[in-house]
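Scroll down for the structure; my scribbles are underneath it.
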Amino acid sequence: MFVITPAMVGQVVISGLLAGALYAMVALGLGLIFGVMRVLNVAHGSLLMLGAYTTFWLFHWFGLNPYLSLLVSMPALFVVGVVLQSLLVRRVVDAPELSSLLLMFGVGIALVNLTQLAFTSDLRSVEYLTGSFVLGPFAFSKSRVIACAFAIVITAGAFWFLQKTRLGKALRAVSQSREVAQVCGVNVQRIHMLAFGLASALAAAGGTLVAVMVAIQPEMGQVYTFKSFLVIVLGGAGNYPGALVGGLLLGLVEQLSSLFLTTQVNEAVAYVLLVLVLLVRPTGLFKGRAS
Amino acid sequence: MKRWFFAGLVVTLAALALYPMQGTGYGVRTVLQLFMWIALAQSWNLISGLTGYVSFGHVAFFGMGAYTAGILVTKLGWPWLLACLAGGVMAMVLALVIGWPCFRLKGPYFAIAMLGLNEVLRVIVSYFEGLTGGGSGLSMPTLLHASVPIYYAMGLTALLVTGLTYIIITSRFGLRLMTIREDEVAAEAMGIDTFRYKLYAFLLSAAGPGIVGGLAARDQGYIEPMSVFPLITTITMIVMVLFGGKGTIWGPVLGAVLLFTFQEIVWARFIYLHQLFFGGIIVAVVLLMPRGILGVLQQKYNLPRTI
């Protein structure tokens, strides 16, 4: 019979936290856009996918270290985000939710299809870091540990920006009340662009970090859109630190479910968790705002 | 005007009813698919067009119907028509199970929950291999010349769903749904039990895709998880409804006819650009023509909402 030892549980818990830090970073982007302009960016995963491709091609053509490509993918997607916001999203911010949701959905599939046209649907991978760190009874794949470290640093950077800088404070002010922020002299349009840019950069960072771990293909992003959404629901929409806890929780639940059930049902377990949480606490586990 | 419209409608229906006697196998199959898209688009319209709650996973009901019918036909030897009706019933059961928690959610929460539902069903279907054949799928015994009965069944389903939309839009029930779409808080303040009405609309909206899924499965004779839960089917429903005019009676039909024809004639040659076209149309319609073709006409000529 299959026996579950404490060491295995420990391994799974740590793996879960490693994955969770990454989820939290990606979801923070989705949460920022949702918090600031009440737009659920269902193209978030497609932006992540673009980040992954950026890393792949830089690695493939120039042999650039995948982690160094963060310096390219994040600014590049920041620009993409700002452009998307100023060309398209701006027009639907005040429209019913349906409009922005469908708009981003359309943008998302167009991006996926363009990527397919440009690079085909072939699975690609960045063969950079393989092997694991072994620590007593535990073993962790190197790429996951490093991804987690980067995710923590980038998330911390984002929080520092939100908490300490003038622009970050303005951004949080807009997410609390657009009208009041405007009256206080905040340029709301600019903050919206900033939020979209930042969110896209966070998605790009996620794409770069997962590029080393998973197969890269045009439709890889969709699952991250769903997971990010789950994370901000768990954490409470509009509650930015909540996203952090939500991400870790999702990582844990996924890894534990693959220990006790099978890896196949990962997604189903995450979904059941989503529905249960929404059922019990529509505002998320921590104090968030109902939509 | 009204009289001409109904005369045209009757002539069209009669022509479609007689078509299989003259039509070639290919022609019948093509019209059958058009019926399928009309029924699917119209069903999406029932929930998303009327209440404003976007269902991103409507194909889940289609898949549910396909698998219900497939399993009943292959494992229990049910006649296909009955199995397809059972598919509709099971889709409604699924809608109830998922609608109960999910309609406590607002706007975007609901949309993503539905997207997740579809992905999860695909995982579940692949997982229970004994019942569903897993990744290798289910084959149904083939009937020669089955297209014609399925043609009528599909046509009838499209007609019934459109009729249902007509009844709903012209009823107090429909008015309540549209009130929810315009302002849910106000609707509640007026004493409308929004949760209950959304759930009713959702159940009605699930029945059509369930039956259609069963019929499509019967028509193709083979189903597997990737082919019955594709996101692109949901996208197609959405684009058809947006294009024709959401929340109207004839918008989804118009959208389905236009898009399907366009697809058959033009896009078949640019198969790789398919999704790009869809994405582009969604963006363009949302930004330039949010009410769709009929919505624009309604506004311009001050037509009643019952078109």
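Ordering of the structure tokens sets the chain letters (A, B, ...), residue numbers begin anew at 1 in every chain, and ligands are numbered from 1 in the order given.
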
Review point. Excluding same-chain residues fewer than 5 positions from segment 31-46 of chain A, what lies within 8 Å of it counting only C-alpha atoms, as a PyMOL selection string?
Key: (chain A and resi 93+97+100-101+104-105+107-109+111-112+171-172+174-176+192+195-196+199-200+203+218-225+232+237-240+243) or (chain B and resi 108)

**Study point:** Who sits within 12 Å of Leu98 of chain A, only C-alpha atoms, same chain under 5 positions skipped, as a count of residues only
**Key:** 35

Practice item. Go through A:Ala181, A:Leu273, A:Leu48, A:Arg281 and flag the residue nearest Ala27 of chain A, using only C-alpha atoms for the distances. Key: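 Ranked by minimum distance to Ala27 of chain A, first place goes to A:Leu48.
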
**Study point:** From A:Leu123, A:Ile4, A:Val269, A:Val153, residue lying nearest chain B [only C-alpha atoms]
**Key:**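 The answer is A:Val269, which sits nearest to chain B.
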
Report as an mmCIF file with N, CA, C and O atoms, in the first residue's frame all protein, DNA and RNA residues lying within 9 Å of segment 37-44 of chain B, evaluated on only C-alpha atoms, omitting residues in the same chain fewer than 3 positions from it.
```cif
data_model
loop_
_atom_site.group_PDB
_atom_site.id
_atom_site.type_symbol
_atom_site.label_atom_id
_atom_site.label_comp_id
_atom_site.auth_asym_id
_atom_site.auth_seq_id
_atom_site.Cartn_x
_atom_site.Cartn_y
_atom_site.Cartn_z
ATOM 1 N N LEU B 32 -27.415 21.570 -40.985
ATOM 2 C CA LEU B 32 -27.501 20.981 -39.646
ATOM 3 C C LEU B 32 -26.560 21.718 -38.674
ATOM 4 O O LEU B 32 -26.926 22.045 -37.549
ATOM 5 N N GLN B 33 -25.359 21.994 -39.178
ATOM 6 C CA GLN B 33 -24.412 22.719 -38.319
ATOM 7 C C GLN B 33 -24.878 24.143 -38.044
ATOM 8 O O GLN B 33 -24.690 24.667 -36.946
ATOM 9 N N LEU B 34 -25.495 24.742 -39.047
ATOM 10 C CA LEU B 34 -26.021 26.094 -38.830
ATOM 11 C C LEU B 34 -27.092 26.059 -37.739
ATOM 12 O O LEU B 34 -27.104 26.907 -36.834
ATOM 13 N N ILE B 47 -28.913 33.559 -21.144
ATOM 14 C CA ILE B 47 -28.354 33.923 -19.845
ATOM 15 C C ILE B 47 -27.508 35.187 -19.953
ATOM 16 O O ILE B 47 -27.713 36.162 -19.235
ATOM 17 N N SER B 48 -26.572 35.216 -20.888
ATOM 18 C CA SER B 48 -25.617 36.321 -20.908
ATOM 19 C C SER B 48 -26.185 37.576 -21.556
ATOM 20 O O SER B 48 -25.921 38.685 -21.109
ATOM 21 N N GLY B 49 -26.969 37.393 -22.614
ATOM 22 C CA GLY B 49 -27.558 38.553 -23.269
ATOM 23 C C GLY B 49 -28.607 39.221 -22.398
ATOM 24 O O GLY B 49 -28.714 40.440 -22.360
ATOM 25 N N VAL B 54 -21.725 37.003 -17.958
ATOM 26 C CA VAL B 54 -21.049 36.344 -19.078
ATOM 27 C C VAL B 54 -20.700 34.913 -18.713
ATOM 28 O O VAL B 54 -19.979 34.670 -17.753
ATOM 29 N N SER B 55 -21.211 33.972 -19.483
ATOM 30 C CA SER B 55 -20.845 32.587 -19.255
ATOM 31 C C SER B 55 -19.705 32.222 -20.204
ATOM 32 O O SER B 55 -19.923 32.050 -21.388
ATOM 33 N N HIS B 58 -19.853 28.050 -21.517
ATOM 34 C CA HIS B 58 -21.128 27.459 -21.907
ATOM 35 C C HIS B 58 -20.964 26.124 -22.610
ATOM 36 O O HIS B 58 -21.863 25.293 -22.575
ATOM 37 N N VAL B 59 -19.815 25.933 -23.240
ATOM 38 C CA VAL B 59 -19.578 24.671 -23.935
ATOM 39 C C VAL B 59 -19.592 23.502 -22.941
ATOM 40 O O VAL B 59 -19.763 22.349 -23.324
ATOM 41 N N PHE B 62 -22.727 21.728 -23.453
ATOM 42 C CA PHE B 62 -22.637 20.974 -24.697
ATOM 43 C C PHE B 62 -21.910 19.647 -24.437
ATOM 44 O O PHE B 62 -22.388 18.574 -24.805
ATOM 45 N N MET B 154 -32.152 18.739 -34.791
ATOM 46 C CA MET B 154 -31.352 19.931 -34.537
ATOM 47 C C MET B 154 -32.150 21.178 -34.899
ATOM 48 O O MET B 154 -32.146 22.168 -34.169
ATOM 49 N N GLY B 155 -32.839 21.121 -36.055
ATOM 50 C CA GLY B 155 -33.652 22.252 -36.486
ATOM 51 C C GLY B 155 -34.747 22.563 -35.490
ATOM 52 O O GLY B 155 -34.982 23.726 -35.143
ATOM 53 N N THR B 157 -34.693 21.859 -32.321
ATOM 54 C CA THR B 157 -34.080 22.422 -31.117
ATOM 55 C C THR B 157 -33.818 23.917 -31.304
ATOM 56 O O THR B 157 -34.142 24.725 -30.434
ATOM 57 N N ALA B 158 -33.239 24.280 -32.474
ATOM 58 C CA ALA B 158 -32.967 25.700 -32.738
ATOM 59 C C ALA B 158 -34.265 26.499 -32.691
ATOM 60 O O ALA B 158 -34.330 27.593 -32.106
ATOM 61 N N LEU B 159 -35.303 25.929 -33.277
ATOM 62 C CA LEU B 159 -36.598 26.608 -33.312
ATOM 63 C C LEU B 159 -37.159 26.778 -31.902
ATOM 64 O O LEU B 159 -37.641 27.854 -31.526
ATOM 65 N N LEU B 160 -37.080 25.701 -31.123
ATOM 66 C CA LEU B 160 -37.628 25.755 -29.768
ATOM 67 C C LEU B 160 -36.875 26.758 -28.903
ATOM 68 O O LEU B 160 -37.479 27.516 -28.146
ATOM 69 N N VAL B 161 -35.548 26.765 -29.008
ATOM 70 C CA VAL B 161 -34.784 27.697 -28.190
ATOM 71 C C VAL B 161 -35.100 29.135 -28.585
ATOM 72 O O VAL B 161 -35.244 30.017 -27.737
ATOM 73 N N THR B 162 -35.246 29.359 -29.914
ATOM 74 C CA THR B 162 -35.600 30.706 -30.362
ATOM 75 C C THR B 162 -37.004 31.078 -29.873
ATOM 76 O O THR B 162 -37.236 32.205 -29.412
ATOM 77 N N THR B 165 -36.803 31.989 -26.331
ATOM 78 C CA THR B 165 -36.284 33.348 -26.172
ATOM 79 C C THR B 165 -37.395 34.367 -26.405
ATOM 80 O O THR B 165 -37.527 35.342 -25.665
ATOM 81 N N LEU B 204 -32.700 27.195 -18.073
ATOM 82 C CA LEU B 204 -33.276 27.182 -19.418
ATOM 83 C C LEU B 204 -32.184 27.295 -20.467
ATOM 84 O O LEU B 204 -32.262 26.692 -21.538
ATOM 85 N N SER B 205 -31.158 28.067 -20.116
ATOM 86 C CA SER B 205 -30.074 28.297 -21.056
ATOM 87 C C SER B 205 -29.208 27.047 -21.243
ATOM 88 O O SER B 205 -28.556 26.890 -22.270
ATOM 89 N N ALA B 206 -29.196 26.165 -20.242
ATOM 90 C CA ALA B 206 -28.341 24.975 -20.313
ATOM 91 C C ALA B 206 -28.992 23.851 -21.111
ATOM 92 O O ALA B 206 -28.306 23.007 -21.686
ATOM 93 N N ALA B 207 -30.332 23.827 -21.149
ATOM 94 C CA ALA B 207 -31.027 22.700 -21.778
ATOM 95 C C ALA B 207 -30.671 22.570 -23.251
ATOM 96 O O ALA B 207 -30.340 21.476 -23.718
ATOM 97 N N GLY B 208 -30.705 23.698 -23.982
ATOM 98 C CA GLY B 208 -30.422 23.674 -25.419
ATOM 99 C C GLY B 208 -29.056 23.080 -25.733
ATOM 100 O O GLY B 208 -28.962 22.086 -26.466
ATOM 101 N N PRO B 209 -27.972 23.649 -25.164
ATOM 102 C CA PRO B 209 -26.643 23.087 -25.444
ATOM 103 C C PRO B 209 -26.525 21.620 -25.052
ATOM 104 O O PRO B 209 -25.818 20.866 -25.723
ATOM 105 N N VAL B 212 -28.231 19.740 -27.880
ATOM 106 C CA VAL B 212 -27.407 19.923 -29.074
ATOM 107 C C VAL B 212 -26.120 19.105 -28.976
ATOM 108 O O VAL B 212 -25.690 18.490 -29.958
ATOM 109 N N THR B 233 -15.651 26.870 -28.935
ATOM 110 C CA THR B 233 -17.101 26.786 -29.120
ATOM 111 C C THR B 233 -17.799 27.894 -28.332
ATOM 112 O O THR B 233 -18.711 28.548 -28.835
ATOM 113 N N THR B 234 -17.350 28.088 -27.090
ATOM 114 C CA THR B 234 -17.919 29.172 -26.305
ATOM 115 C C THR B 234 -17.645 30.510 -26.980
ATOM 116 O O THR B 234 -18.525 31.365 -27.086
ATOM 117 N N THR B 236 -17.210 31.106 -30.089
ATOM 118 C CA THR B 236 -18.049 31.262 -31.273
ATOM 119 C C THR B 236 -19.457 31.708 -30.890
ATOM 120 O O THR B 236 -20.023 32.608 -31.507
ATOM 121 N N MET B 237 -20.019 31.082 -29.833
ATOM 122 C CA MET B 237 -21.352 31.503 -29.379
ATOM 123 C C MET B 237 -21.337 32.991 -29.034
ATOM 124 O O MET B 237 -22.227 33.746 -29.428
ATOM 125 N N ILE B 238 -20.313 33.390 -28.278
ATOM 126 C CA ILE B 238 -20.248 34.776 -27.817
ATOM 127 C C ILE B 238 -20.175 35.727 -29.009
ATOM 128 O O ILE B 238 -20.915 36.714 -29.081
ATOM 129 N N VAL B 239 -19.294 35.398 -29.959
ATOM 130 C CA VAL B 239 -19.109 36.296 -31.097
ATOM 131 C C VAL B 239 -20.391 36.403 -31.911
ATOM 132 O O VAL B 239 -20.805 37.489 -32.323
ATOM 133 N N MET B 240 -21.070 35.261 -32.110
ATOM 134 C CA MET B 240 -22.314 35.285 -32.877
ATOM 135 C C MET B 240 -23.341 36.205 -32.233
ATOM 136 O O MET B 240 -23.980 37.020 -32.906
ATOM 137 N N VAL B 241 -23.493 36.071 -30.910
ATOM 138 C CA VAL B 241 -24.502 36.870 -30.224
ATOM 139 C C VAL B 241 -24.121 38.349 -30.237
ATOM 140 O O VAL B 241 -24.956 39.218 -30.511
ATOM 141 N N ILE B 249 -34.209 38.988 -29.779
ATOM 142 C CA ILE B 249 -34.688 37.655 -30.173
ATOM 143 C C ILE B 249 -33.960 37.175 -31.425
ATOM 144 O O ILE B 249 -33.491 36.041 -31.491
ATOM 145 N N TRP B 250 -33.837 38.060 -32.402
ATOM 146 C CA TRP B 250 -33.300 37.613 -33.698
ATOM 147 C C TRP B 250 -31.812 37.860 -33.839
ATOM 148 O O TRP B 250 -31.190 37.371 -34.776
ATOM 149 N N GLY B 251 -31.231 38.603 -32.927
ATOM 150 C CA GLY B 251 -29.798 38.900 -33.007
ATOM 151 C C GLY B 251 -28.932 37.652 -33.084
ATOM 152 O O GLY B 251 -28.101 37.520 -33.994
ATOM 153 N N PRO B 252 -29.129 36.713 -32.149
ATOM 154 C CA PRO B 252 -28.298 35.504 -32.196
ATOM 155 C C PRO B 252 -28.481 34.719 -33.488
ATOM 156 O O PRO B 252 -27.524 34.155 -34.018
ATOM 157 N N VAL B 253 -29.716 34.697 -34.005
ATOM 158 C CA VAL B 253 -29.960 33.967 -35.255
ATOM 159 C C VAL B 253 -29.214 34.653 -36.390
ATOM 160 O O VAL B 253 -28.482 34.019 -37.159
ATOM 161 N N LEU B 254 -29.361 35.980 -36.456
ATOM 162 C CA LEU B 254 -28.685 36.754 -37.491
ATOM 163 C C LEU B 254 -27.169 36.573 -37.385
ATOM 164 O O LEU B 254 -26.488 36.316 -38.384
ATOM 165 N N GLY B 255 -26.660 36.691 -36.161
ATOM 166 C CA GLY B 255 -25.220 36.547 -35.941
ATOM 167 C C GLY B 255 -24.736 35.169 -36.354
ATOM 168 O O GLY B 255 -23.702 35.032 -37.014
ATOM 169 N N ALA B 256 -25.513 34.143 -35.991
ATOM 170 C CA ALA B 256 -25.109 32.777 -36.318
ATOM 171 C C ALA B 256 -25.085 32.584 -37.832
ATOM 172 O O ALA B 256 -24.140 32.028 -38.382
ATOM 173 N N VAL B 257 -26.138 33.066 -38.513
ATOM 174 C CA VAL B 257 -26.197 32.890 -39.964
ATOM 175 C C VAL B 257 -25.035 33.614 -40.636
ATOM 176 O O VAL B 257 -24.313 33.041 -41.470
ATOM 177 N N PHE B 260 -21.561 32.070 -39.525
ATOM 178 C CA PHE B 260 -21.393 30.707 -40.033
ATOM 179 C C PHE B 260 -21.140 30.725 -41.544
ATOM 180 O O PHE B 260 -20.265 30.028 -42.045
#
```

Review point. Once you count only C-alpha atoms, which residues of chain B turn out to be within 8 Å of chain A? Could you give them as a ChimeraX atom specification?
Key: /B:52-54,101-102,104-108,112-113,115-117,119-120,123-124,127,272-273,275-283,286-287,290

Exercise for review: Could you give me the residues within segment 30-200 of chain A that DSSP places in helix (DSSP H, G or I), as number ranges by chain?
Suggested key: A: 30-37, 44-62, 70-87, 89-92, 97-119, 142-164, 166-176, 178-183, 188-200

Exercise for review: Within segment 24-182 of chain A, find each residue whose DSSP state, derived from the backbone, is strand (DSSP E), and express the selection as a ChimeraX atom specification.
Suggested key: /A:132-135,138-141

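Interatomic distance, atom CA of Thr170 of chain B to atom CA of Met114 of chain B: 27.5 Å.
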
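Across A:Phe260, A:Phe138, A:Phe133, A:Tyr67, the tightest approach to Phe150 of chain A is made by A:Tyr67 when counting only C-alpha atoms.
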
Exercise for review: Excluding Gly23 of chain B and residues on its chain fewer than 6 positions from it, collect all residues at most 12 Å away from it, counting only C-alpha atoms, and give them as a PyMOL selection string.
Suggested key: chain B and resi 15-17+29-32+147-148+151

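Taking atom CA of Gln255 of chain A and atom CA of Gly16 of chain A as the two end points, the separation is 5.3 Å.
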